[in-house]
>>> print(open('structure_30.txt').read())   # compact mmCIF, C-alpha atoms and all ligand atoms
# COMPACT_ATOMS: atom_id res chain seq x y z
CA MET A 1 69.52 96.50 119.49
CA ASN A 2 71.52 94.49 116.97
CA ARG A 3 75.15 95.49 116.70
CA ILE A 4 77.15 96.30 113.57
CA PHE A 5 80.93 96.10 113.26
CA SER A 6 82.82 97.00 110.11
CA GLY A 7 86.10 98.60 109.08
CA VAL A 8 88.42 99.88 106.37
CA GLN A 9 92.19 99.42 106.20
CA PRO A 10 94.25 102.63 106.31
CA THR A 11 96.24 101.73 103.21
CA GLY A 12 95.68 104.95 101.23
CA ASN A 13 93.78 105.66 98.00
CA LEU A 14 90.28 105.29 99.51
CA HIS A 15 88.03 104.90 96.50
CA LEU A 16 84.49 104.82 95.18
CA GLY A 17 84.30 101.04 95.86
CA ASN A 18 85.08 101.57 99.54
CA TYR A 19 82.44 104.32 99.61
CA LEU A 20 79.59 102.58 97.73
CA GLY A 21 80.42 99.03 98.89
CA ALA A 22 80.88 99.94 102.55
CA ILE A 23 80.96 103.47 104.03
CA ARG A 24 77.77 104.86 102.48
CA ASN A 25 75.82 101.80 103.63
CA TRP A 26 77.06 102.38 107.17
CA VAL A 27 75.70 105.93 107.11
CA ASP A 28 72.30 104.50 106.14
CA LEU A 29 72.39 101.89 108.92
CA GLN A 30 73.55 104.05 111.83
CA ASP A 31 70.04 104.94 113.09
CA ASP A 32 68.85 101.34 113.23
CA TYR A 33 71.84 99.57 114.78
CA ASP A 34 74.33 100.02 117.56
CA CYS A 35 77.32 100.72 115.28
CA ILE A 36 81.07 100.30 115.72
CA PHE A 37 83.24 101.47 112.82
CA CYS A 38 86.93 100.73 112.97
CA ILE A 39 90.03 101.81 111.10
CA VAL A 40 91.74 98.44 110.93
CA ASP A 41 95.37 99.49 111.18
CA LEU A 42 96.60 96.07 112.38
CA HIS A 43 95.21 94.58 109.18
CA ALA A 44 97.14 97.18 107.17
CA LEU A 45 100.36 95.83 108.70
CA THR A 46 99.86 92.48 106.97
CA LEU A 47 101.67 94.15 104.05
CA PRO A 48 104.64 96.55 104.49
CA GLN A 49 103.63 100.13 105.40
CA ASP A 50 105.59 103.34 105.82
CA PRO A 51 105.01 104.31 109.51
CA GLU A 52 104.36 108.01 108.82
CA GLU A 53 102.00 107.21 105.95
CA LEU A 54 100.14 104.69 108.09
CA ARG A 55 99.39 107.42 110.65
CA THR A 56 98.31 109.82 107.88
CA HIS A 57 96.08 107.20 106.27
CA THR A 58 94.51 106.34 109.62
CA ARG A 59 93.43 109.97 110.01
CA GLU A 60 92.31 110.00 106.36
CA VAL A 61 89.97 107.02 106.81
CA THR A 62 88.58 108.62 109.99
CA ALA A 63 87.99 111.86 108.05
CA ALA A 64 86.25 109.84 105.30
CA TYR A 65 83.87 108.30 107.84
CA LEU A 66 83.03 111.69 109.34
CA ALA A 67 82.78 113.49 105.99
CA SER A 68 80.47 110.78 104.62
CA GLY A 69 78.07 111.41 107.50
CA ILE A 70 78.88 108.89 110.22
CA ASP A 71 77.96 110.54 113.50
CA PRO A 72 80.63 109.93 116.19
CA GLU A 73 78.06 110.62 118.92
CA LYS A 74 75.83 107.79 117.70
CA CYS A 75 78.54 105.40 116.53
CA ILE A 76 81.87 104.33 117.94
CA ILE A 77 84.74 105.29 115.61
CA PHE A 78 88.21 104.09 116.64
CA ASN A 79 91.41 102.52 115.35
CA GLN A 80 91.90 98.82 115.94
CA SER A 81 95.37 98.95 117.55
CA SER A 82 94.09 101.24 120.33
CA VAL A 83 92.09 98.32 121.78
CA PRO A 84 94.53 95.48 122.59
CA GLY A 85 91.72 92.93 122.92
CA HIS A 86 91.61 92.48 119.12
CA SER A 87 95.04 90.84 119.07
CA GLU A 88 94.34 88.79 122.18
CA LEU A 89 91.06 87.34 120.88
CA ALA A 90 92.74 86.68 117.51
CA TRP A 91 95.23 84.44 119.35
CA LEU A 92 92.46 82.55 121.15
CA PHE A 93 90.70 82.03 117.81
CA ALA A 94 93.97 81.03 116.10
CA CYS A 95 94.14 78.16 118.58
CA ILE A 96 90.78 76.74 117.45
CA THR A 97 90.93 77.48 113.69
CA PRO A 98 91.98 74.54 111.49
CA LEU A 99 94.62 75.38 108.87
CA GLY A 100 92.38 73.80 106.23
CA TRP A 101 89.85 76.63 106.69
CA LEU A 102 92.53 79.28 106.08
CA ASN A 103 93.94 77.41 103.07
CA ARG A 104 90.63 78.03 101.28
CA MET A 105 90.82 81.85 101.53
CA THR A 106 91.09 83.28 98.03
CA GLN A 107 92.25 86.74 99.14
CA PHE A 108 95.40 85.26 100.69
CA LYS A 109 96.15 83.45 97.44
CA GLU A 110 95.65 86.69 95.46
CA LYS A 111 97.69 88.89 97.80
CA ALA A 112 100.48 86.37 98.43
CA GLY A 113 100.79 85.81 94.67
CA LYS A 114 103.40 83.42 93.36
CA HIS A 115 105.73 83.82 96.35
CA ARG A 116 103.48 82.17 98.91
CA GLU A 117 106.37 80.78 100.96
CA ASN A 118 107.59 84.34 101.59
CA ALA A 119 104.18 85.74 102.58
CA GLY A 120 103.85 86.74 106.23
CA LEU A 121 101.95 84.77 108.85
CA GLY A 122 99.88 87.91 109.46
CA LEU A 123 98.57 87.93 105.89
CA TYR A 124 97.63 84.27 106.23
CA ALA A 125 95.94 84.81 109.61
CA TYR A 126 94.15 88.01 108.46
CA PRO A 127 90.67 86.41 108.51
CA VAL A 128 91.22 85.18 112.08
CA LEU A 129 91.95 88.74 113.21
CA MET A 130 88.86 89.85 111.30
CA ALA A 131 86.75 87.30 113.20
CA ALA A 132 88.21 88.67 116.45
CA ASP A 133 87.37 92.27 115.43
CA ILE A 134 83.73 91.38 114.90
CA LEU A 135 83.21 88.94 117.76
CA LEU A 136 85.06 90.99 120.40
CA TYR A 137 81.95 93.19 120.31
CA LYS A 138 79.54 90.27 119.74
CA ALA A 139 78.43 92.04 116.55
CA THR A 140 75.41 90.48 114.85
CA HIS A 141 75.70 92.19 111.44
CA VAL A 142 78.66 93.13 109.25
CA PRO A 143 78.05 95.41 106.25
CA VAL A 144 80.84 94.81 103.71
CA GLY A 145 81.48 94.68 99.98
CA GLU A 146 81.12 91.34 98.23
CA ASP A 147 84.90 90.71 98.29
CA GLN A 148 84.73 90.16 102.06
CA LYS A 149 81.97 87.53 101.95
CA GLN A 150 84.31 84.56 102.26
CA HIS A 151 86.11 86.07 105.26
CA LEU A 152 82.79 86.67 106.94
CA GLU A 153 81.74 83.08 106.43
CA LEU A 154 84.95 82.10 108.19
CA SER A 155 84.05 84.43 111.10
CA ARG A 156 80.75 82.56 111.42
CA ASP A 157 82.59 79.22 111.34
CA ILE A 158 85.02 80.37 114.03
CA ALA A 159 82.17 81.62 116.25
CA GLY A 160 80.45 78.26 115.80
CA ALA A 161 83.64 76.32 116.55
CA PHE A 162 84.18 78.29 119.78
CA ASN A 163 80.58 77.78 120.88
CA ARG A 164 80.77 74.04 120.19
CA GLN A 165 84.16 73.54 121.84
CA PHE A 166 83.16 75.33 125.03
CA GLU A 167 79.51 74.19 124.98
CA THR A 168 78.18 77.72 125.05
CA GLU A 169 76.14 80.08 122.90
CA TYR A 170 78.39 82.99 123.79
CA PHE A 171 79.09 84.29 120.30
CA PRO A 172 76.35 85.24 117.81
CA LEU A 173 76.93 84.05 114.23
CA PRO A 174 77.47 87.40 112.44
CA GLU A 175 75.39 88.03 109.31
CA PRO A 176 76.97 89.67 106.25
CA GLN A 177 75.04 92.66 104.88
CA ILE A 178 76.01 93.05 101.22
CA LEU A 179 73.91 95.96 100.08
CA GLY A 180 73.07 97.92 96.94
CA GLU A 181 73.86 97.86 93.23
CA ALA A 182 77.60 98.47 93.82
CA ALA A 183 78.58 95.69 96.22
CA ARG A 184 81.50 95.03 93.87
CA VAL A 185 82.74 98.09 92.02
CA MET A 186 85.17 97.10 89.29
CA SER A 187 88.29 98.81 87.97
CA LEU A 188 87.67 101.57 85.40
CA ARG A 189 90.48 100.09 83.31
CA ASP A 190 89.41 96.43 83.43
CA GLY A 191 85.86 95.37 84.25
CA SER A 192 87.02 91.94 85.39
CA ASN A 193 89.14 93.25 88.32
CA LYS A 194 87.72 94.94 91.39
CA MET A 195 88.45 98.61 92.00
CA SER A 196 91.28 98.49 94.49
CA LYS A 197 93.53 100.77 96.54
CA SER A 198 96.61 98.87 95.48
CA ASP A 199 96.04 98.99 91.69
CA PRO A 200 99.14 100.75 90.31
CA SER A 201 96.99 102.74 87.84
CA ASP A 202 95.31 105.77 89.42
CA TYR A 203 92.95 105.77 86.40
CA SER A 204 91.55 102.43 87.58
CA ARG A 205 89.73 104.07 90.49
CA ILE A 206 87.98 107.25 91.57
CA ASN A 207 89.56 108.32 94.85
CA MET A 208 87.40 109.88 97.54
CA THR A 209 89.74 112.89 97.54
CA ASP A 210 89.86 113.43 93.75
CA ASP A 211 88.78 116.91 92.62
CA ALA A 212 85.96 117.49 90.13
CA ASP A 213 88.23 117.70 87.07
CA THR A 214 90.05 114.48 87.96
CA ILE A 215 86.79 112.60 88.56
CA ALA A 216 85.39 113.77 85.20
CA LEU A 217 88.63 112.87 83.41
CA LYS A 218 88.72 109.37 84.94
CA VAL A 219 85.09 108.71 83.98
CA ARG A 220 85.72 109.94 80.42
CA ARG A 221 88.78 107.69 80.15
CA ALA A 222 87.04 104.63 81.61
CA ARG A 223 87.30 101.63 79.33
CA THR A 224 84.12 100.75 77.40
CA ASP A 225 83.13 98.73 74.35
CA PRO A 226 82.04 100.13 70.95
CA GLU A 227 78.33 99.18 71.21
CA PRO A 228 75.59 101.56 72.44
CA LEU A 229 74.21 100.84 75.91
CA PRO A 230 71.69 97.98 76.03
CA GLU A 231 68.00 98.50 76.81
CA THR A 232 67.82 95.75 79.44
CA VAL A 233 69.87 94.38 82.33
CA GLU A 234 70.23 91.07 80.45
CA GLY A 235 71.97 93.02 77.67
CA LEU A 236 74.83 93.80 80.11
CA GLU A 237 75.79 90.12 80.11
CA GLY A 238 79.31 89.70 78.69
CA ARG A 239 79.91 93.48 78.81
CA PRO A 240 81.76 93.92 82.15
CA GLU A 241 82.77 97.56 81.64
CA ALA A 242 79.25 98.64 80.70
CA ALA A 243 77.81 96.63 83.62
CA ASN A 244 80.24 98.31 86.01
CA LEU A 245 79.48 101.88 84.92
CA ILE A 246 75.72 101.26 84.95
CA GLY A 247 76.01 99.70 88.44
CA ILE A 248 77.97 102.74 89.67
CA TYR A 249 75.36 105.12 88.24
CA ALA A 250 72.51 103.11 89.79
CA SER A 251 74.20 103.10 93.18
CA LEU A 252 75.10 106.80 93.12
CA SER A 253 71.56 107.74 92.10
CA ARG A 254 70.02 105.17 94.47
CA THR A 255 68.02 103.59 91.65
CA SER A 256 68.26 100.20 89.93
CA ARG A 257 70.27 99.21 86.86
CA ALA A 258 66.95 98.65 85.02
CA GLU A 259 65.92 102.24 85.73
CA VAL A 260 69.28 103.59 84.54
CA LEU A 261 68.96 101.59 81.33
CA ALA A 262 65.41 102.87 80.85
CA THR A 263 67.00 106.35 80.55
CA PHE A 264 70.28 105.55 78.79
CA GLY A 265 69.53 102.33 76.83
CA GLY A 266 70.40 102.78 73.13
CA LYS A 267 72.58 105.85 73.85
CA MET A 268 76.32 106.07 73.25
CA PHE A 269 78.80 105.92 76.12
CA SER A 270 79.92 109.53 75.60
CA GLU A 271 76.50 110.89 76.61
CA PHE A 272 76.17 108.46 79.52
CA LYS A 273 79.69 109.23 80.76
CA ASP A 274 78.90 112.97 80.94
CA ALA A 275 75.90 112.21 83.16
CA LEU A 276 77.92 109.77 85.27
CA ALA A 277 80.75 112.27 85.74
CA THR A 278 78.28 114.94 86.90
CA LEU A 279 76.68 112.53 89.36
CA ALA A 280 80.02 111.32 90.73
CA VAL A 281 81.25 114.90 91.20
CA GLU A 282 77.99 115.90 92.94
CA THR A 283 78.32 112.97 95.37
CA LEU A 284 82.04 112.77 96.06
CA GLY A 285 82.96 116.46 95.62
CA PRO A 286 81.49 117.66 98.96
CA ILE A 287 82.83 114.58 100.81
CA GLY A 288 86.35 115.13 99.47
CA GLY A 289 86.16 118.82 100.42
CA GLU A 290 85.03 118.01 103.96
CA MET A 291 87.80 115.39 104.27
CA GLN A 292 90.39 118.05 103.39
CA ARG A 293 88.89 120.42 105.97
CA LEU A 294 88.97 117.73 108.68
CA LEU A 295 92.52 116.70 107.81
CA ALA A 296 93.63 120.28 108.35
CA GLU A 297 92.45 119.84 111.96
CA PRO A 298 94.14 116.58 113.06
CA GLY A 299 93.40 117.43 116.72
CA HIS A 300 89.67 117.03 116.09
CA VAL A 301 90.13 113.73 114.22
CA ASP A 302 92.43 112.37 116.96
CA GLY A 303 89.86 113.43 119.58
CA VAL A 304 87.16 111.38 117.80
CA LEU A 305 89.47 108.33 117.75
CA HIS A 306 90.43 108.79 121.39
CA ARG A 307 86.81 108.92 122.59
CA GLY A 308 85.92 105.99 120.33
CA SER A 309 88.75 103.84 121.65
CA GLU A 310 87.65 104.47 125.25
CA ARG A 311 84.09 103.38 124.43
CA ALA A 312 85.22 100.36 122.37
CA GLY A 313 87.79 99.39 125.02
CA GLU A 314 85.16 99.26 127.73
CA ILE A 315 83.01 96.77 125.76
CA ALA A 316 86.07 94.76 124.76
CA ARG A 317 87.39 94.44 128.35
CA HIS A 318 84.01 93.29 129.60
CA HIS A 319 83.67 90.63 126.89
CA LEU A 320 87.27 89.47 127.24
CA SER A 321 86.85 88.84 130.96
CA GLU A 322 83.84 86.62 130.13
CA ILE A 323 85.81 84.86 127.38
CA HIS A 324 88.74 84.24 129.77
CA ARG A 325 86.34 82.58 132.18
CA ILE A 326 84.82 80.40 129.42
CA VAL A 327 88.18 79.13 128.12
CA GLY A 328 89.70 78.65 131.59
CA LEU A 329 92.25 81.47 131.74
CA LEU A 330 92.92 82.55 135.33
CA ARG A 331 92.80 86.23 136.19
CA PRO A 332 94.23 86.29 139.73
N1 LIG A 401 85.78 97.42 94.64
C1 LIG A 401 85.00 97.36 95.70
N2 LIG A 401 83.65 97.35 95.56
C2 LIG A 401 82.85 97.29 96.64
N3 LIG A 401 83.30 97.27 97.92
C3 LIG A 401 84.64 97.30 98.10
N4 LIG A 401 85.40 97.29 99.20
C4 LIG A 401 86.72 97.32 98.85
N5 LIG A 401 86.82 97.35 97.51
C5 LIG A 401 85.55 97.34 97.01
C6 LIG A 401 84.88 97.26 100.56
O1 LIG A 401 85.46 98.31 101.30
C7 LIG A 401 85.61 97.89 102.65
C8 LIG A 401 86.98 98.18 103.12
O2 LIG A 401 87.94 97.47 102.38
P1 LIG A 401 89.41 97.31 102.97
O3 LIG A 401 90.11 98.57 102.93
O4 LIG A 401 89.38 96.74 104.32
O5 LIG A 401 90.10 96.20 102.13
P2 LIG A 401 90.05 95.73 100.67
O6 LIG A 401 88.78 95.02 100.41
O7 LIG A 401 91.29 94.93 100.52
O8 LIG A 401 90.11 97.09 99.85
P3 LIG A 401 90.86 97.42 98.53
O9 LIG A 401 90.53 98.81 98.23
O10 LIG A 401 90.59 96.44 97.47
O11 LIG A 401 92.39 97.34 98.94
P4 LIG A 401 93.55 96.43 98.41
O12 LIG A 401 93.95 97.01 97.11
O13 LIG A 401 94.59 96.60 99.46
O14 LIG A 401 93.04 95.03 98.30
C9 LIG A 401 85.24 96.41 102.72
O15 LIG A 401 83.92 96.29 103.22
C10 LIG A 401 85.31 95.98 101.29
O16 LIG A 401 84.40 94.93 101.03
>>> encode(input="structure_30.txt", output="structure tokens")
Amino acid sequence: MNRIFSGVQPTGNLHLGNYLGAIRNWVDLQDDYDCIFCIVDLHALTLPQDPEELRTHTREVTAAYLASGIDPEKCIIFNQSSVPGHSELAWLFACITPLGWLNRMTQFKEKAGKHRENAGLGLYAYPVLMAADILLYKATHVPVGEDQKQHLELSRDIAGAFNRQFETEYFPLPEPQILGEAARVMSLRDGSNKMSKSDPSDYSRINMTDDADTIALKVRRARTDPEPLPETVEGLEGRPEAANLIGIYASLSRTSRAEVLATFGGKMFSEFKDALATLAVETLGPIGGEMQRLLAEPGHVDGVLHRGSERAGEIARHHLSEIHRIVGLLRP
């Protein structure tokens, strides 16, 4: 069976973009693939984190996976730092990755901002660790939102570079799976920026733990333009806020943007926003409630992570011993 690896950083404020761009797709894929879903806590450390909050957010992401319907019996759910092989393989890959490849990564440029000289080495090397996460399990498919496409291409390049250098076909070249109408959910305040955990405005995103009133309020306050909704998908051109809300509706209702516009084309935003708020509450409300229930039982959540890390660790140790042999590391 083909293997999937994917993950979310435990950096708080899990949002609708993380759900529609990633987690919900994983739920759909879990019957057809051998799935490994990680809480990538080492990636979170590429920017400063409060230690207590990092632990809380790690449990929160685990609860989001479970509450969204990922079955821990079928899939492996674990946190990255509990399997030391991720860091070790990242080092081996760091030794074969040209700096020029990393210099092209747009996410580093965005996150490092103007003070690039002060940015940490970890932030710069983030995509190398991501390649290690995926390839440690020889994953063949990686379902992610569109923002991760460039990093995934780098993972393929690193796998190829390793195979060429050591004259082997050990690593598969992992395929991105960018699925659905909401592969890039944009901010509710600015349709040209992606919805993001780190946006200082809470009104820019719908959090997975928001209650019904908050979701409805955020949808009502979402930025729009003064025109009625267009009748066709082409009419969304140049209207980023309208395109975003229609894409969210299509994804939540598992239809296409054309079908949504067949219903709402020509109508005013106020009517459409009421329908969108109802749909968002129906979808996220039960997930948020289940997350709260799970978070009240941290023992259960920790048990899921513990079992997952044992299962992931076994695969990782086996692959690492093969990788050591290929690169010439002696294990006396
Ligand atoms: N806006 C988005 N639309 C669609 N998919 C998204 N993802 C993130 N934002 C959107 C997908 O969610 C998965 C987990 O993301 P992550 O937590 O590892 O990192 P991120 O992409 O950096 O997430 P954020 O929320 O945007 O955080 P910050 O603010 O820290 O940058 C990935 O599959 C990602 O594609």
>>> axis_aligned_box(input="structure_30.txt", around="range 8-17 of chain A", padding_each_side="6 Å", output="JSON")
{"center_x": 90.3, "center_y": 102.5, "center_z": 100.8, "size_x": 23.9, "size_y": 18.2, "size_z": 23.2}
>>> residues_around(input="structure_30.txt", residues="range 55-66 of chain A", least_positions_apart="4", cutoff="9 Å", atoms="all atoms listed in the file", output="PyMOL selection string")
chain A and resi 8-14+19+23-24+27+37-41+50-51+70-72+77-79+208+287-288+290-295+298+301-302+304-305
>>> residues_near_ligand(input="structure_30.txt", ligand="ligand LIG 401 (chain A)", cutoff="9 Å", atoms="all atoms listed in the file", output="mmCIF file with C-alpha atoms, in the coordinates of the input")
data_model
loop_
_atom_site.group_PDB
_atom_site.id
_atom_site.type_symbol
_atom_site.label_atom_id
_atom_site.label_comp_id
_atom_site.auth_asym_id
_atom_site.auth_seq_id
_atom_site.Cartn_x
_atom_site.Cartn_y
_atom_site.Cartn_z
ATOM 1 C CA SER A 6 82.820 97.000 110.110
ATOM 2 C CA GLY A 7 86.100 98.600 109.080
ATOM 3 C CA VAL A 8 88.420 99.880 106.370
ATOM 4 C CA GLN A 9 92.190 99.420 106.200
ATOM 5 C CA PRO A 10 94.250 102.630 106.310
ATOM 6 C CA THR A 11 96.240 101.730 103.210
ATOM 7 C CA GLY A 12 95.680 104.950 101.230
ATOM 8 C CA ASN A 13 93.780 105.660 98.000
ATOM 9 C CA LEU A 14 90.280 105.290 99.510
ATOM 10 C CA HIS A 15 88.030 104.900 96.500
ATOM 11 C CA LEU A 16 84.490 104.820 95.180
ATOM 12 C CA GLY A 17 84.300 101.040 95.860
ATOM 13 C CA ASN A 18 85.080 101.570 99.540
ATOM 14 C CA TYR A 19 82.440 104.320 99.610
ATOM 15 C CA LEU A 20 79.590 102.580 97.730
ATOM 16 C CA GLY A 21 80.420 99.030 98.890
ATOM 17 C CA ALA A 22 80.880 99.940 102.550
ATOM 18 C CA ILE A 23 80.960 103.470 104.030
ATOM 19 C CA ILE A 39 90.030 101.810 111.100
ATOM 20 C CA VAL A 40 91.740 98.440 110.930
ATOM 21 C CA HIS A 43 95.210 94.580 109.180
ATOM 22 C CA ALA A 44 97.140 97.180 107.170
ATOM 23 C CA LEU A 47 101.670 94.150 104.050
ATOM 24 C CA GLN A 107 92.250 86.740 99.140
ATOM 25 C CA LYS A 111 97.690 88.890 97.800
ATOM 26 C CA VAL A 142 78.660 93.130 109.250
ATOM 27 C CA PRO A 143 78.050 95.410 106.250
ATOM 28 C CA VAL A 144 80.840 94.810 103.710
ATOM 29 C CA GLY A 145 81.480 94.680 99.980
ATOM 30 C CA GLU A 146 81.120 91.340 98.230
ATOM 31 C CA ASP A 147 84.900 90.710 98.290
ATOM 32 C CA GLN A 148 84.730 90.160 102.060
ATOM 33 C CA LYS A 149 81.970 87.530 101.950
ATOM 34 C CA ILE A 178 76.010 93.050 101.220
ATOM 35 C CA ALA A 182 77.600 98.470 93.820
ATOM 36 C CA ALA A 183 78.580 95.690 96.220
ATOM 37 C CA ARG A 184 81.500 95.030 93.870
ATOM 38 C CA VAL A 185 82.740 98.090 92.020
ATOM 39 C CA MET A 186 85.170 97.100 89.290
ATOM 40 C CA SER A 187 88.290 98.810 87.970
ATOM 41 C CA ASN A 193 89.140 93.250 88.320
ATOM 42 C CA LYS A 194 87.720 94.940 91.390
ATOM 43 C CA MET A 195 88.450 98.610 92.000
ATOM 44 C CA SER A 196 91.280 98.490 94.490
ATOM 45 C CA LYS A 197 93.530 100.770 96.540
ATOM 46 C CA SER A 198 96.610 98.870 95.480
ATOM 47 C CA ASP A 199 96.040 98.990 91.690
ATOM 48 C CA ARG A 205 89.730 104.070 90.490
#
>>> atom_distance(input="structure_30.txt", atom1="CA of Ile76 in chain A", atom2="CA of Ile36 in chain A")
4.7 Å
>>> closest_residue(input="structure_30.txt", among="A:Leu245, A:Val219, A:Val260, A:Leu252", to="Asp274 in chain A", atoms="all atoms listed in the file")
A:Val219
>>> residues_around(input="structure_30.txt", residues="Met105 in chain A", least_positions_apart="4", cutoff="8 Å", atoms="only C-alpha atoms", output="list in words")
Trp101, Lys109, Gln150 and His151 of chain A
>>> closest_residue(input="structure_30.txt", among="A:Ile248, A:Leu261, A:Ala132, A:Leu121", to="Ala316 in chain A", atoms="only C-alpha atoms")
A:Ala132
>>> closest_residue(input="structure_30.txt", among="A:Leu152, A:Ile215, A:Leu236, A:Val327", to="Tyr170 in chain A", atoms="all atoms listed in the file")
A:Val327
>>> atom_distance(input="structure_30.txt", atom1="CA of Met1 in chain A", atom2="CA of Cys35 in chain A")
9.8 Å
>>> atom_distance(input="structure_30.txt", atom1="CA of Arg220 in chain A", atom2="CA of Arg189 in chain A")
11.3 Å
>>> residues_around(input="structure_30.txt", residues="Leu102 in chain A", least_positions_apart="5", cutoff="10 Å", atoms="all atoms listed in the file", output="list of chain:residue names")
A:Thr97, A:Phe108, A:Tyr124, A:Ala125, A:Tyr126, A:Pro127, A:Val128, A:His151, A:Leu154
>>> write_last_selection(input="structure_30.txt", atoms="C-alpha atoms", output="PDB file, keeping the file's coordinate frame")
ATOM      1  CA  THR A  97      90.930  77.480 113.690  1.00  0.00           C
ATOM      2  CA  PHE A 108      95.400  85.260 100.690  1.00  0.00           C
ATOM      3  CA  TYR A 124      97.630  84.270 106.230  1.00  0.00           C
ATOM      4  CA  ALA A 125      95.940  84.810 109.610  1.00  0.00           C
ATOM      5  CA  TYR A 126      94.150  88.010 108.460  1.00  0.00           C
ATOM      6  CA  PRO A 127      90.670  86.410 108.510  1.00  0.00           C
ATOM      7  CA  VAL A 128      91.220  85.180 112.080  1.00  0.00           C
ATOM      8  CA  HIS A 151      86.110  86.070 105.260  1.00  0.00           C
ATOM      9  CA  LEU A 154      84.950  82.100 108.190  1.00  0.00           C
TER      10      LEU A 154
END
>>> closest_residue(input="structure_30.txt", among="A:Ala119, A:Leu179, A:Leu54, A:Leu129", to="Asp28 in chain A", atoms="all atoms listed in the file")
A:Leu179
>>> closest_residue(input="structure_30.txt", among="A:Thr106, A:Met130, A:Gly235, A:His319", to="Trp91 in chain A", atoms="only C-alpha atoms")
A:Met130
>>> closest_residue(input="structure_30.txt", among="A:Glu153, A:Arg254, A:Leu330, A:Ala90", to="Arg104 in chain A", atoms="only C-alpha atoms")
A:Glu153
>>> residues_around(input="structure_30.txt", residues="Gly266 in chain A", least_positions_apart="5", cutoff="12 Å", atoms="all atoms listed in the file", output="number ranges by chain")
A: 227-232, 235, 260-261, 271-272
>>> residues_around(input="structure_30.txt", residues="Arg239 in chain A", least_positions_apart="4", cutoff="9 Å", atoms="all atoms listed in the file", output="PyMOL selection string")
chain A and resi 191+224-225+235+243-244
>>> decode(input="structure_30.txt", residues="range 314-325 of chain A", atoms="C-alpha atoms", output="PDB file, in the first residue's frame")
ATOM      1  CA  GLU A 314       9.871   0.939  14.883  1.00  0.00           C
ATOM      2  CA  ILE A 315       9.620   1.896  11.185  1.00  0.00           C
ATOM      3  CA  ALA A 316      12.116   4.726  11.646  1.00  0.00           C
ATOM      4  CA  ARG A 317      14.745   2.516  13.346  1.00  0.00           C
ATOM      5  CA  HIS A 318      14.472  -0.088  10.621  1.00  0.00           C
ATOM      6  CA  HIS A 319      14.892   2.472   7.827  1.00  0.00           C
ATOM      7  CA  LEU A 320      17.705   4.299   9.612  1.00  0.00           C
ATOM      8  CA  SER A 321      19.753   1.124   9.952  1.00  0.00           C
ATOM      9  CA  GLU A 322      19.425   0.639   6.169  1.00  0.00           C
ATOM     10  CA  ILE A 323      20.341   4.290   5.557  1.00  0.00           C
ATOM     11  CA  HIS A 324      23.417   3.979   7.813  1.00  0.00           C
ATOM     12  CA  ARG A 325      24.565   1.022   5.752  1.00  0.00           C
TER      13      ARG A 325
END
